[in-house]
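**Q** Sharing a structure with you now.
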Amino acid sequence: MALRVLPSLSLTVTEESVRKKKRLVMFVPGLVAFGVYRLAKHLLPLSEPVVLMLVSGAVATVTSLMVYRTGRGEPWPTILQQDGTRLLAWLAGWIGFVYGVQLSLLVLALLWLVGYDYLAHPDGPAMMAIIISCTAVARDTFEIGHVRKLSIIGRPFPTFPDGAALRVMIGDRSAQLGPWLIAGLVVGSLGAWPASMIADSYVAVLVQITTITILGGAVGLFAYFGGFRSTTSWMRGFAETKTGELVKYWWWPGLAFTSTYYLVVVGALLFLVKQPTISTVQASVGGSLVTAMMAIYCYYLGYRRSIEEQQGQSLSGAVLRCPFVMGILGKSPSTMMAAPVAPGSKVV
């Protein structure tokens, strides 16, 4: 998420030269993943969700290491010496296997929502789960490798997206995080209950996804300002930001990532636990955990953005929004760095 939200990182990984190489980097692993799927379907029971998750996770793990090396642009002995086994283990385990499994569950859940049930028709969803998760892992690990390469040759980044700064912040600012964590747990839980009045189980799941996404996005938005305005009231930054900008910040990263992680929960319940549908209690627990996680992480993003601003890395308020949607890709980093902040909006 930091690669998509923090300007110092998002600008780096969306430079024209990086995007051109990234297209190829995503295409080749996707093609290889298709070949792996074609082979695995004859050797393994991919109609079994656990087997599919293991295959998808294994493909994503190998992809993460191979593509990270491409992003770093160095031979393995140099990477091992400069990065160490701990960073590579995190990359393979978390960004590779865990993230790959999460993306596969997300794909299966999305297909289920449009009427393409993996349990009834496993071949198509299984193929898409492996290929899409592989290409997404390839994109992110290439970007992480590119950022790491630049940091080694002397380009500073206030935040490296390995979770280390998040863990430090949780330890140092647990008192400030506490209210946001509680708010996320309570609001996320409440978001599941409107669907309890709906008899149709499929419609109920759609309502659960909608309400939890909306409420989780709102908590994430407020928590972001809580982290950004950690020394003053978060309401001040919220009040000083234009309504139009708030809506944009609300959907990215709030709505986008809340829906993403809740769909992962839906996928896990439907296909790993093999529940026929999502009960209100299950949705309440899942929504509570997802919204609490969004509260913590959005607070973290706001906090890290405030550090970037303190270090003089002020950017246009437009950078806050998804760069792939809002047209940032067509602008040079130097243009955006010099762009003035619109009156009434805040750089976050």
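Going through the structure tokens in order, the chains are called A, B, and so on, while each chain numbers its residues from 1 and the ligands are numbered from 1 in the order shown.
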Write down as a PyMOL selection string the residues belonging to segment 77-245 of chain A that are assigned helix (DSSP H, G or I) by DSSP computed on the backbone.
**A** chain A and resi 77-113+123-152+164-172+174-190+193-197+201-228+234-239+243-245
**Q** Using only C-alpha atoms, find each residue of segment 237-279 of chain A with at least one atom at most 12 Å away from an atom of segment 189-193 of chain A; report its shortest atom-to-atom pair and that distance in Å (one decimal), sort the rows by chain and rising residue number, and return the result as a Markdown table.
**A**
| residue | atom | partner | partner_atom | distance |
| --- | --- | --- | --- | --- |
| A:Tyr262 | CA | A:Ala192 | CA | 11.3 |
| A:Ile278 | CA | A:Ala192 | CA | 10.1 |
| A:Ser279 | CA | A:Ala192 | CA | 9.1 |
**Q** Using only C-alpha atoms, pick whichever of A:Val13, A:Val207, A:Ala183, A:Ala60 has the shortest atom-to-atom distance to Gly145 of chain A.
**A**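 Of A:Val13, A:Val207, A:Ala183, A:Ala60, the one nearest Gly145 of chain A, counting only C-alpha atoms, is A:Val13.
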**Q** Tell me, as an mmCIF file with N, CA and C atoms, in the first residue's frame, which residues lie within 10 Å of segment 30-40 of chain A, counting only C-alpha atoms; anything in the same chain fewer than 4 positions away does not count.
**A**
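Listed below is the output, around-v6.cif:
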data_model
loop_
_atom_site.group_PDB
_atom_site.id
_atom_site.type_symbol
_atom_site.label_atom_id
_atom_site.label_comp_id
_atom_site.auth_asym_id
_atom_site.auth_seq_id
_atom_site.Cartn_x
_atom_site.Cartn_y
_atom_site.Cartn_z
ATOM 1 N N LEU A 24 7.021 -5.364 -19.316
ATOM 2 C CA LEU A 24 7.668 -6.609 -19.722
ATOM 3 C C LEU A 24 7.847 -7.535 -18.534
ATOM 4 N N VAL A 25 8.237 -6.953 -17.410
ATOM 5 C CA VAL A 25 8.456 -7.747 -16.205
ATOM 6 C C VAL A 25 7.172 -8.441 -15.767
ATOM 7 N N MET A 26 6.033 -7.807 -15.960
ATOM 8 C CA MET A 26 4.753 -8.419 -15.593
ATOM 9 C C MET A 26 4.304 -9.443 -16.626
ATOM 10 N N LEU A 44 -1.720 -32.187 -10.532
ATOM 11 C CA LEU A 44 -2.238 -31.891 -9.202
ATOM 12 C C LEU A 44 -3.736 -31.601 -9.265
ATOM 13 N N PRO A 45 -4.448 -31.883 -8.169
ATOM 14 C CA PRO A 45 -5.891 -31.582 -8.135
ATOM 15 C C PRO A 45 -6.148 -30.105 -7.830
ATOM 16 N N LEU A 46 -6.060 -29.256 -8.856
ATOM 17 C CA LEU A 46 -6.246 -27.825 -8.648
ATOM 18 C C LEU A 46 -7.685 -27.458 -8.314
ATOM 19 N N LEU A 52 -4.612 -25.495 -4.758
ATOM 20 C CA LEU A 52 -4.494 -24.308 -5.600
ATOM 21 C C LEU A 52 -3.735 -23.193 -4.888
ATOM 22 N N VAL A 55 -0.001 -24.045 -4.809
ATOM 23 C CA VAL A 55 0.630 -23.849 -6.118
ATOM 24 C C VAL A 55 0.780 -22.366 -6.419
ATOM 25 N N SER A 56 -0.279 -21.613 -6.189
ATOM 26 C CA SER A 56 -0.231 -20.171 -6.448
ATOM 27 C C SER A 56 0.826 -19.501 -5.572
ATOM 28 N N VAL A 59 4.362 -20.409 -6.900
ATOM 29 C CA VAL A 59 4.686 -19.650 -8.114
ATOM 30 C C VAL A 59 5.012 -18.203 -7.756
ATOM 31 N N ALA A 60 4.224 -17.612 -6.862
ATOM 32 C CA ALA A 60 4.459 -16.226 -6.457
ATOM 33 C C ALA A 60 5.776 -16.080 -5.697
ATOM 34 N N THR A 63 8.564 -16.193 -8.233
ATOM 35 C CA THR A 63 8.464 -14.951 -9.004
ATOM 36 C C THR A 63 9.018 -13.766 -8.233
ATOM 37 N N ASP A 123 -11.515 -24.865 -13.434
ATOM 38 C CA ASP A 123 -10.397 -24.632 -14.354
ATOM 39 C C ASP A 123 -10.128 -23.153 -14.624
ATOM 40 N N ALA A 126 -9.104 -21.163 -11.429
ATOM 41 C CA ALA A 126 -7.779 -21.590 -10.973
ATOM 42 C C ALA A 126 -6.686 -20.963 -11.831
ATOM 43 N N MET A 127 -6.895 -20.967 -13.141
ATOM 44 C CA MET A 127 -5.913 -20.367 -14.040
ATOM 45 C C MET A 127 -5.752 -18.879 -13.756
ATOM 46 N N MET A 128 -6.860 -18.168 -13.630
ATOM 47 C CA MET A 128 -6.787 -16.734 -13.373
ATOM 48 C C MET A 128 -6.175 -16.437 -12.014
ATOM 49 N N ALA A 129 -6.470 -17.258 -11.014
ATOM 50 C CA ALA A 129 -5.914 -17.039 -9.679
ATOM 51 C C ALA A 129 -4.394 -17.133 -9.697
ATOM 52 N N ILE A 130 -3.859 -18.115 -10.425
ATOM 53 C CA ILE A 130 -2.405 -18.287 -10.485
ATOM 54 C C ILE A 130 -1.752 -17.177 -11.288
ATOM 55 N N ILE A 131 -2.311 -16.862 -12.452
ATOM 56 C CA ILE A 131 -1.677 -15.878 -13.338
ATOM 57 C C ILE A 131 -1.778 -14.467 -12.775
ATOM 58 N N ILE A 132 -2.951 -14.070 -12.319
ATOM 59 C CA ILE A 132 -3.132 -12.702 -11.825
ATOM 60 C C ILE A 132 -2.302 -12.452 -10.568
ATOM 61 N N SER A 133 -2.283 -13.419 -9.659
ATOM 62 C CA SER A 133 -1.478 -13.234 -8.449
ATOM 63 C C SER A 133 0.001 -13.164 -8.786
ATOM 64 N N CYS A 134 0.439 -13.965 -9.755
ATOM 65 C CA CYS A 134 1.845 -13.960 -10.162
ATOM 66 C C CYS A 134 2.243 -12.614 -10.755
ATOM 67 N N THR A 135 1.422 -12.074 -11.653
ATOM 68 C CA THR A 135 1.764 -10.797 -12.289
ATOM 69 C C THR A 135 1.744 -9.647 -11.283
ATOM 70 N N ALA A 136 0.799 -9.676 -10.323
ATOM 71 C CA ALA A 136 0.755 -8.613 -9.313
ATOM 72 C C ALA A 136 1.965 -8.677 -8.395
ATOM 73 N N ALA A 138 4.845 -9.893 -9.278
ATOM 74 C CA ALA A 138 5.965 -9.444 -10.110
ATOM 75 C C ALA A 138 6.054 -7.925 -10.135
#
**Q** Find, counting only C-alpha atoms, the residue in A:Arg148, A:Arg139, A:His121, A:Lys248 that gets nearest to Lys22 of chain A.
**A**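 Going through A:Arg148, A:Arg139, A:His121, A:Lys248 one by one, the smallest distance to Lys22 of chain A is for A:Arg139.
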**Q** One decimal, Å: what's the distance from atom CA of Thr258 of chain A over to atom CA of Leu177 of chain A, could you say?
**A**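 A separation of 18.3 Å between them.
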